Amino acid sequence: MSNMFQGKVRSSQWLPVRMLLAADDSAVTGIAASAVTVGIALAPAAETTFTPSAADWIEQARGNYWLRNGADKYTAAGPCIVRVSVSACNDYYALVDVAEDPDAAMVRAVEQFAEILRTATGQAG
C-alpha cells in the first residue's frame, strides 16, 4: 500500500483518489458519487462502508478525484485503511495514520485532572 496519509481524530479530510479501469488500467472519468462505495477500517475494527455524497466526491480530471471523509469516520487514533470501489474499476486503497489532535488531547487531560482535584477536595460534581 503506497498511498499513505495523515489524519486527525474527529476531523474531516480530503483524500486524492485515482480510478483506473480494471481491464486495461486506463483512467476513468465521469464517476458519480452514487456509483462509489467507500470502506473504512480503523484497526482493529472491521470495515464499514458508505456511499459519499456528491459534495464529498469531486472529479478533478483524468481519472483523479477528491474524496472527503467526514469527522465521524475517524473516531479513534491508529492505522486506518480506506478502500474506494467502483464497478469495473480497480479498487483504490489508502492507508491513513489517524492521530489524536494534540490540542483536544490536552483539553481532555486538563479536564480529567480538574475532576481528580475536585474529587480529592470533596468538590466533585
# chains A, B, ... in the order shown; residues from 1 in each chain; ligands from 1

call {"tool": "select_by_dssp", "arguments": {"residues": "range 47-124 of chain A", "states": "strand (DSSP E)", "output": "PyMOL selection string"}}
result
chain A and resi 48-50+57-61+64-69+78-86+92-99

call {"tool": "closest_residue", "arguments": {"among": "A:Asp25, A:Asp91, A:Asp56, A:Asp97", "to": "Ala76 in chain A", "atoms": "only C-alpha atoms"}}
result
A:Asp97

call {"tool": "select_by_dssp", "arguments": {"residues": "chain A", "states": "alpha helix (DSSP H)", "output": "VMD selection string"}}
result
chain A and resid 102 to 120

call {"tool": "write_last_selection", "arguments": {"atoms": "C-alpha atoms", "output": "short mmCIF file (atom, residue, chain, number, x, y, z; two decimals), in the first residue's frame"}}
result
data_model
loop_
_atom_site.label_atom_id
_atom_site.label_comp_id
_atom_site.auth_asym_id
_atom_site.auth_seq_id
_atom_site.Cartn_x
_atom_site.Cartn_y
_atom_site.Cartn_z
CA PRO A 102 -2.80 17.32 20.37
CA ASP A 103 -4.93 20.30 21.43
CA ALA A 104 -8.02 18.15 22.05
CA ALA A 105 -5.93 15.60 23.95
CA MET A 106 -4.53 18.37 26.18
CA VAL A 107 -8.02 19.74 26.91
CA ARG A 108 -9.23 16.26 27.92
CA ALA A 109 -6.18 15.74 30.14
CA VAL A 110 -6.77 19.08 31.91
CA GLU A 111 -10.47 18.27 32.38
CA GLN A 112 -9.60 14.86 33.85
CA PHE A 113 -7.03 16.42 36.17
CA ALA A 114 -9.55 19.05 37.30
CA GLU A 115 -12.08 16.31 38.07
CA ILE A 116 -9.47 14.41 40.10
CA LEU A 117 -8.73 17.58 42.10
CA ARG A 118 -12.46 18.22 42.70
CA THR A 119 -12.94 14.63 43.89
CA ALA A 120 -9.86 14.78 46.13
#

call {"tool": "closest_residue", "arguments": {"among": "A:Met19, A:Ala94, A:Gln123, A:Ser87", "to": "Thr37 in chain A", "atoms": "only C-alpha atoms"}}
result
A:Ser87

call {"tool": "atom_distance", "arguments": {"atom1": "CA of Val36 in chain A", "atom2": "CA of Glu100 in chain A"}}
result
28.3 Å

call {"tool": "residues_around", "arguments": {"residues": "Ala27 in chain A", "least_positions_apart": "3", "cutoff": "9 Å", "atoms": "only C-alpha atoms", "output": "PyMOL selection string"}}
result
chain A and resi 18-21+62-64

call {"tool": "write_last_selection", "arguments": {"atoms": "C-alpha atoms", "output": "PDB file, in the first residue's frame"}}
result
ATOM      1  CA  ARG A  18      -7.147   7.680  -8.809  1.00  0.00           C
ATOM      2  CA  MET A  19      -9.692   5.405 -10.509  1.00  0.00           C
ATOM      3  CA  LEU A  20      -8.430   3.022 -13.198  1.00  0.00           C
ATOM      4  CA  LEU A  21     -10.392   0.614 -15.367  1.00  0.00           C
ATOM      5  CA  ARG A  62      -8.177  12.406 -15.989  1.00  0.00           C
ATOM      6  CA  GLY A  63      -9.330   9.761 -13.516  1.00  0.00           C
ATOM      7  CA  ASN A  64      -8.362  11.788 -10.446  1.00  0.00           C
TER       8      ASN A  64
END

call {"tool": "atom_distance", "arguments": {"atom1": "CA of Val38 in chain A", "atom2": "CA of Ser26 in chain A"}}
result
20.7 Å

call {"tool": "atom_distance", "arguments": {"atom1": "CA of Pro16 in chain A", "atom2": "CA of Tyr92 in chain A"}}
result
10.1 Å

call {"tool": "residues_around", "arguments": {"residues": "Met4 in chain A", "least_positions_apart": "6", "cutoff": "12 Å", "atoms": "only C-alpha atoms", "output": "JSON, numbers by chain"}}
result
{"A": [15, 16, 17, 79, 80, 81, 82, 93, 94, 95, 96, 97, 98]}

call {"tool": "write_last_selection", "arguments": {"atoms": "N, CA and C atoms", "output": "PDB file, in the first residue's frame"}}
result
ATOM      1  N   LEU A  15      -9.046  13.157   0.567  1.00  0.00           N
ATOM      2  CA  LEU A  15      -8.039  12.226   0.070  1.00  0.00           C
ATOM      3  C   LEU A  15      -8.037  12.245  -1.454  1.00  0.00           C
ATOM      4  N   PRO A  16      -6.872  12.256  -2.086  1.00  0.00           N
ATOM      5  CA  PRO A  16      -6.822  12.118  -3.544  1.00  0.00           C
ATOM      6  C   PRO A  16      -7.046  10.652  -3.909  1.00  0.00           C
ATOM      7  N   VAL A  17      -7.820  10.421  -4.965  1.00  0.00           N
ATOM      8  CA  VAL A  17      -8.144   9.060  -5.408  1.00  0.00           C
ATOM      9  C   VAL A  17      -7.925   8.987  -6.913  1.00  0.00           C
ATOM     10  N   PRO A  79      -3.977   3.165  12.853  1.00  0.00           N
ATOM     11  CA  PRO A  79      -3.958   2.975  11.409  1.00  0.00           C
ATOM     12  C   PRO A  79      -5.359   2.713  10.868  1.00  0.00           C
ATOM     13  N   CYS A  80      -5.602   3.198   9.665  1.00  0.00           N
ATOM     14  CA  CYS A  80      -6.913   3.088   9.040  1.00  0.00           C
ATOM     15  C   CYS A  80      -6.723   2.785   7.554  1.00  0.00           C
ATOM     16  N   ILE A  81      -7.472   1.812   7.055  1.00  0.00           N
ATOM     17  CA  ILE A  81      -7.452   1.506   5.631  1.00  0.00           C
ATOM     18  C   ILE A  81      -8.714   2.087   5.010  1.00  0.00           C
ATOM     19  N   VAL A  82      -8.541   2.853   3.929  1.00  0.00           N
ATOM     20  CA  VAL A  82      -9.662   3.405   3.171  1.00  0.00           C
ATOM     21  C   VAL A  82      -9.655   2.721   1.805  1.00  0.00           C
ATOM     22  N   TYR A  93      -6.824   1.896  -2.727  1.00  0.00           N
ATOM     23  CA  TYR A  93      -6.576   1.785  -1.287  1.00  0.00           C
ATOM     24  C   TYR A  93      -5.669   2.910  -0.814  1.00  0.00           C
ATOM     25  N   ALA A  94      -5.955   3.404   0.370  1.00  0.00           N
ATOM     26  CA  ALA A  94      -5.086   4.384   1.017  1.00  0.00           C
ATOM     27  C   ALA A  94      -4.961   4.001   2.486  1.00  0.00           C
ATOM     28  N   LEU A  95      -3.798   4.186   3.038  1.00  0.00           N
ATOM     29  CA  LEU A  95      -3.567   3.972   4.458  1.00  0.00           C
ATOM     30  C   LEU A  95      -3.490   5.343   5.117  1.00  0.00           C
ATOM     31  N   VAL A  96      -4.300   5.532   6.144  1.00  0.00           N
ATOM     32  CA  VAL A  96      -4.320   6.808   6.862  1.00  0.00           C
ATOM     33  C   VAL A  96      -3.864   6.549   8.294  1.00  0.00           C
ATOM     34  N   ASP A  97      -2.843   7.267   8.718  1.00  0.00           N
ATOM     35  CA  ASP A  97      -2.395   7.206  10.107  1.00  0.00           C
ATOM     36  C   ASP A  97      -3.191   8.266  10.860  1.00  0.00           C
ATOM     37  N   VAL A  98      -4.215   7.820  11.572  1.00  0.00           N
ATOM     38  CA  VAL A  98      -5.094   8.747  12.292  1.00  0.00           C
ATOM     39  C   VAL A  98      -4.480   9.024  13.665  1.00  0.00           C
TER      40      VAL A  98
END

call {"tool": "residues_around", "arguments": {"residues": "Lys73 in chain A", "least_positions_apart": "4", "cutoff": "12 Å", "atoms": "only C-alpha atoms", "output": "list in words"}}
result
Gly7, Lys8, Val9, Arg10, Ser11, Ser12, Gln13, Val38, Gly39, Ile40, Ala41, Leu42, Glu47, Thr48, Thr49, Phe50, Pro52, Arg68, Asn69, Ala77, Cys80, Ile81, Val82, Val96 and Val98 of chain A

call {"tool": "decode", "arguments": {"residues": "range 51-97 of chain A", "atoms": "N, CA and C atoms", "output": "PDB file, in the first residue's frame"}}
result
ATOM      1  N   THR A  51     -21.677   5.291   0.926  1.00  0.00           N
ATOM      2  CA  THR A  51     -21.626   5.959  -0.373  1.00  0.00           C
ATOM      3  C   THR A  51     -21.469   7.444  -0.101  1.00  0.00           C
ATOM      4  N   PRO A  52     -20.453   8.088  -0.661  1.00  0.00           N
ATOM      5  CA  PRO A  52     -20.257   9.520  -0.388  1.00  0.00           C
ATOM      6  C   PRO A  52     -21.347  10.368  -1.036  1.00  0.00           C
ATOM      7  N   SER A  53     -21.573  11.521  -0.483  1.00  0.00           N
ATOM      8  CA  SER A  53     -22.498  12.481  -1.102  1.00  0.00           C
ATOM      9  C   SER A  53     -21.793  13.128  -2.291  1.00  0.00           C
ATOM     10  N   ALA A  54     -22.562  13.775  -3.135  1.00  0.00           N
ATOM     11  CA  ALA A  54     -21.970  14.467  -4.291  1.00  0.00           C
ATOM     12  C   ALA A  54     -20.986  15.546  -3.844  1.00  0.00           C
ATOM     13  N   ALA A  55     -21.243  16.162  -2.705  1.00  0.00           N
ATOM     14  CA  ALA A  55     -20.343  17.202  -2.189  1.00  0.00           C
ATOM     15  C   ALA A  55     -19.024  16.624  -1.677  1.00  0.00           C
ATOM     16  N   ASP A  56     -19.014  15.308  -1.398  1.00  0.00           N
ATOM     17  CA  ASP A  56     -17.817  14.659  -0.849  1.00  0.00           C
ATOM     18  C   ASP A  56     -17.050  13.840  -1.878  1.00  0.00           C
ATOM     19  N   TRP A  57     -17.464  13.894  -3.158  1.00  0.00           N
ATOM     20  CA  TRP A  57     -16.792  13.169  -4.241  1.00  0.00           C
ATOM     21  C   TRP A  57     -16.681  14.128  -5.412  1.00  0.00           C
ATOM     22  N   ILE A  58     -15.504  14.656  -5.639  1.00  0.00           N
ATOM     23  CA  ILE A  58     -15.293  15.686  -6.654  1.00  0.00           C
ATOM     24  C   ILE A  58     -14.315  15.184  -7.706  1.00  0.00           C
ATOM     25  N   GLU A  59     -14.715  15.263  -8.976  1.00  0.00           N
ATOM     26  CA  GLU A  59     -13.806  14.878 -10.058  1.00  0.00           C
ATOM     27  C   GLU A  59     -12.829  16.017 -10.299  1.00  0.00           C
ATOM     28  N   GLN A  60     -11.542  15.677 -10.301  1.00  0.00           N
ATOM     29  CA  GLN A  60     -10.500  16.671 -10.558  1.00  0.00           C
ATOM     30  C   GLN A  60     -10.199  16.686 -12.058  1.00  0.00           C
ATOM     31  N   ALA A  61      -9.776  15.567 -12.621  1.00  0.00           N
ATOM     32  CA  ALA A  61      -9.503  15.427 -14.057  1.00  0.00           C
ATOM     33  C   ALA A  61      -8.782  14.112 -14.319  1.00  0.00           C
ATOM     34  N   ARG A  62      -8.931  13.568 -15.510  1.00  0.00           N
ATOM     35  CA  ARG A  62      -8.177  12.406 -15.989  1.00  0.00           C
ATOM     36  C   ARG A  62      -8.121  11.237 -15.007  1.00  0.00           C
ATOM     37  N   GLY A  63      -9.269  10.891 -14.442  1.00  0.00           N
ATOM     38  CA  GLY A  63      -9.330   9.761 -13.516  1.00  0.00           C
ATOM     39  C   GLY A  63      -8.965  10.090 -12.088  1.00  0.00           C
ATOM     40  N   ASN A  64      -8.702  11.355 -11.809  1.00  0.00           N
ATOM     41  CA  ASN A  64      -8.362  11.788 -10.446  1.00  0.00           C
ATOM     42  C   ASN A  64      -9.588  12.412  -9.789  1.00  0.00           C
ATOM     43  N   TYR A  65      -9.797  12.056  -8.532  1.00  0.00           N
ATOM     44  CA  TYR A  65     -10.952  12.532  -7.766  1.00  0.00           C
ATOM     45  C   TYR A  65     -10.493  12.947  -6.377  1.00  0.00           C
ATOM     46  N   TRP A  66     -11.358  13.696  -5.705  1.00  0.00           N
ATOM     47  CA  TRP A  66     -11.165  14.021  -4.290  1.00  0.00           C
ATOM     48  C   TRP A  66     -12.305  13.372  -3.510  1.00  0.00           C
ATOM     49  N   LEU A  67     -11.966  12.682  -2.432  1.00  0.00           N
ATOM     50  CA  LEU A  67     -12.941  12.069  -1.534  1.00  0.00           C
ATOM     51  C   LEU A  67     -12.792  12.707  -0.160  1.00  0.00           C
ATOM     52  N   ARG A  68     -13.900  13.226   0.360  1.00  0.00           N
ATOM     53  CA  ARG A  68     -13.855  13.782   1.727  1.00  0.00           C
ATOM     54  C   ARG A  68     -14.465  12.770   2.684  1.00  0.00           C
ATOM     55  N   ASN A  69     -13.671  12.388   3.675  1.00  0.00           N
ATOM     56  CA  ASN A  69     -14.165  11.556   4.765  1.00  0.00           C
ATOM     57  C   ASN A  69     -14.536  12.480   5.907  1.00  0.00           C
ATOM     58  N   GLY A  70     -15.751  12.368   6.381  1.00  0.00           N
ATOM     59  CA  GLY A  70     -16.234  13.247   7.438  1.00  0.00           C
ATOM     60  C   GLY A  70     -15.597  12.964   8.782  1.00  0.00           C
ATOM     61  N   ALA A  71     -15.769  13.899   9.699  1.00  0.00           N
ATOM     62  CA  ALA A  71     -15.197  13.786  11.038  1.00  0.00           C
ATOM     63  C   ALA A  71     -15.714  12.550  11.767  1.00  0.00           C
ATOM     64  N   ASP A  72     -16.897  12.063  11.396  1.00  0.00           N
ATOM     65  CA  ASP A  72     -17.458  10.884  12.045  1.00  0.00           C
ATOM     66  C   ASP A  72     -16.780   9.586  11.614  1.00  0.00           C
ATOM     67  N   LYS A  73     -15.934   9.633  10.599  1.00  0.00           N
ATOM     68  CA  LYS A  73     -15.274   8.427  10.099  1.00  0.00           C
ATOM     69  C   LYS A  73     -14.015   8.078  10.884  1.00  0.00           C
ATOM     70  N   TYR A  74     -13.286   9.075  11.362  1.00  0.00           N
ATOM     71  CA  TYR A  74     -12.062   8.839  12.130  1.00  0.00           C
ATOM     72  C   TYR A  74     -12.393   9.020  13.609  1.00  0.00           C
ATOM     73  N   THR A  75     -12.812   7.925  14.250  1.00  0.00           N
ATOM     74  CA  THR A  75     -13.305   8.014  15.618  1.00  0.00           C
ATOM     75  C   THR A  75     -12.255   7.699  16.676  1.00  0.00           C
ATOM     76  N   ALA A  76     -11.121   7.176  16.259  1.00  0.00           N
ATOM     77  CA  ALA A  76     -10.054   6.826  17.207  1.00  0.00           C
ATOM     78  C   ALA A  76      -8.705   6.922  16.505  1.00  0.00           C
ATOM     79  N   ALA A  77      -7.670   7.070  17.306  1.00  0.00           N
ATOM     80  CA  ALA A  77      -6.318   7.120  16.751  1.00  0.00           C
ATOM     81  C   ALA A  77      -5.865   5.719  16.359  1.00  0.00           C
ATOM     82  N   GLY A  78      -5.033   5.659  15.319  1.00  0.00           N
ATOM     83  CA  GLY A  78      -4.466   4.388  14.885  1.00  0.00           C
ATOM     84  C   GLY A  78      -4.485   4.274  13.377  1.00  0.00           C
ATOM     85  N   PRO A  79      -3.977   3.165  12.853  1.00  0.00           N
ATOM     86  CA  PRO A  79      -3.958   2.975  11.409  1.00  0.00           C
ATOM     87  C   PRO A  79      -5.359   2.713  10.868  1.00  0.00           C
ATOM     88  N   CYS A  80      -5.602   3.198   9.665  1.00  0.00           N
ATOM     89  CA  CYS A  80      -6.913   3.088   9.040  1.00  0.00           C
ATOM     90  C   CYS A  80      -6.723   2.785   7.554  1.00  0.00           C
ATOM     91  N   ILE A  81      -7.472   1.812   7.055  1.00  0.00           N
ATOM     92  CA  ILE A  81      -7.452   1.506   5.631  1.00  0.00           C
ATOM     93  C   ILE A  81      -8.714   2.087   5.010  1.00  0.00           C
ATOM     94  N   VAL A  82      -8.541   2.853   3.929  1.00  0.00           N
ATOM     95  CA  VAL A  82      -9.662   3.405   3.171  1.00  0.00           C
ATOM     96  C   VAL A  82      -9.655   2.721   1.805  1.00  0.00           C
ATOM     97  N   ARG A  83     -10.801   2.133   1.442  1.00  0.00           N
ATOM     98  CA  ARG A  83     -10.945   1.455   0.155  1.00  0.00           C
ATOM     99  C   ARG A  83     -12.034   2.168  -0.645  1.00  0.00           C
ATOM    100  N   VAL A  84     -11.743   2.476  -1.900  1.00  0.00           N
ATOM    101  CA  VAL A  84     -12.718   3.097  -2.795  1.00  0.00           C
ATOM    102  C   VAL A  84     -13.001   2.116  -3.924  1.00  0.00           C
ATOM    103  N   SER A  85     -14.269   1.752  -4.088  1.00  0.00           N
ATOM    104  CA  SER A  85     -14.665   0.777  -5.107  1.00  0.00           C
ATOM    105  C   SER A  85     -15.692   1.369  -6.054  1.00  0.00           C
ATOM    106  N   VAL A  86     -15.502   1.078  -7.335  1.00  0.00           N
ATOM    107  CA  VAL A  86     -16.435   1.451  -8.395  1.00  0.00           C
ATOM    108  C   VAL A  86     -16.496   0.262  -9.353  1.00  0.00           C
ATOM    109  N   SER A  87     -17.693  -0.092  -9.795  1.00  0.00           N
ATOM    110  CA  SER A  87     -17.855  -1.210 -10.714  1.00  0.00           C
ATOM    111  C   SER A  87     -16.936  -1.065 -11.931  1.00  0.00           C
ATOM    112  N   ALA A  88     -16.299  -2.157 -12.330  1.00  0.00           N
ATOM    113  CA  ALA A  88     -15.396  -2.254 -13.486  1.00  0.00           C
ATOM    114  C   ALA A  88     -14.052  -1.558 -13.277  1.00  0.00           C
ATOM    115  N   CYS A  89     -13.810  -1.011 -12.085  1.00  0.00           N
ATOM    116  CA  CYS A  89     -12.536  -0.345 -11.788  1.00  0.00           C
ATOM    117  C   CYS A  89     -11.742  -1.146 -10.760  1.00  0.00           C
ATOM    118  N   ASN A  90     -10.430  -0.950 -10.774  1.00  0.00           N
ATOM    119  CA  ASN A  90      -9.607  -1.487  -9.702  1.00  0.00           C
ATOM    120  C   ASN A  90      -9.962  -0.760  -8.409  1.00  0.00           C
ATOM    121  N   ASP A  91     -10.005  -1.494  -7.289  1.00  0.00           N
ATOM    122  CA  ASP A  91     -10.196  -0.823  -6.010  1.00  0.00           C
ATOM    123  C   ASP A  91      -8.986   0.063  -5.735  1.00  0.00           C
ATOM    124  N   TYR A  92      -9.239   1.225  -5.132  1.00  0.00           N
ATOM    125  CA  TYR A  92      -8.171   2.140  -4.738  1.00  0.00           C
ATOM    126  C   TYR A  92      -8.043   2.027  -3.220  1.00  0.00           C
ATOM    127  N   TYR A  93      -6.824   1.896  -2.727  1.00  0.00           N
ATOM    128  CA  TYR A  93      -6.576   1.785  -1.287  1.00  0.00           C
ATOM    129  C   TYR A  93      -5.669   2.910  -0.814  1.00  0.00           C
ATOM    130  N   ALA A  94      -5.955   3.404   0.370  1.00  0.00           N
ATOM    131  CA  ALA A  94      -5.086   4.384   1.017  1.00  0.00           C
ATOM    132  C   ALA A  94      -4.961   4.001   2.486  1.00  0.00           C
ATOM    133  N   LEU A  95      -3.798   4.186   3.038  1.00  0.00           N
ATOM    134  CA  LEU A  95      -3.567   3.972   4.458  1.00  0.00           C
ATOM    135  C   LEU A  95      -3.490   5.343   5.117  1.00  0.00           C
ATOM    136  N   VAL A  96      -4.300   5.532   6.144  1.00  0.00           N
ATOM    137  CA  VAL A  96      -4.320   6.808   6.862  1.00  0.00           C
ATOM    138  C   VAL A  96      -3.864   6.549   8.294  1.00  0.00           C
ATOM    139  N   ASP A  97      -2.843   7.267   8.718  1.00  0.00           N
ATOM    140  CA  ASP A  97      -2.395   7.206  10.107  1.00  0.00           C
ATOM    141  C   ASP A  97      -3.191   8.266  10.860  1.00  0.00           C
TER     142      ASP A  97
END
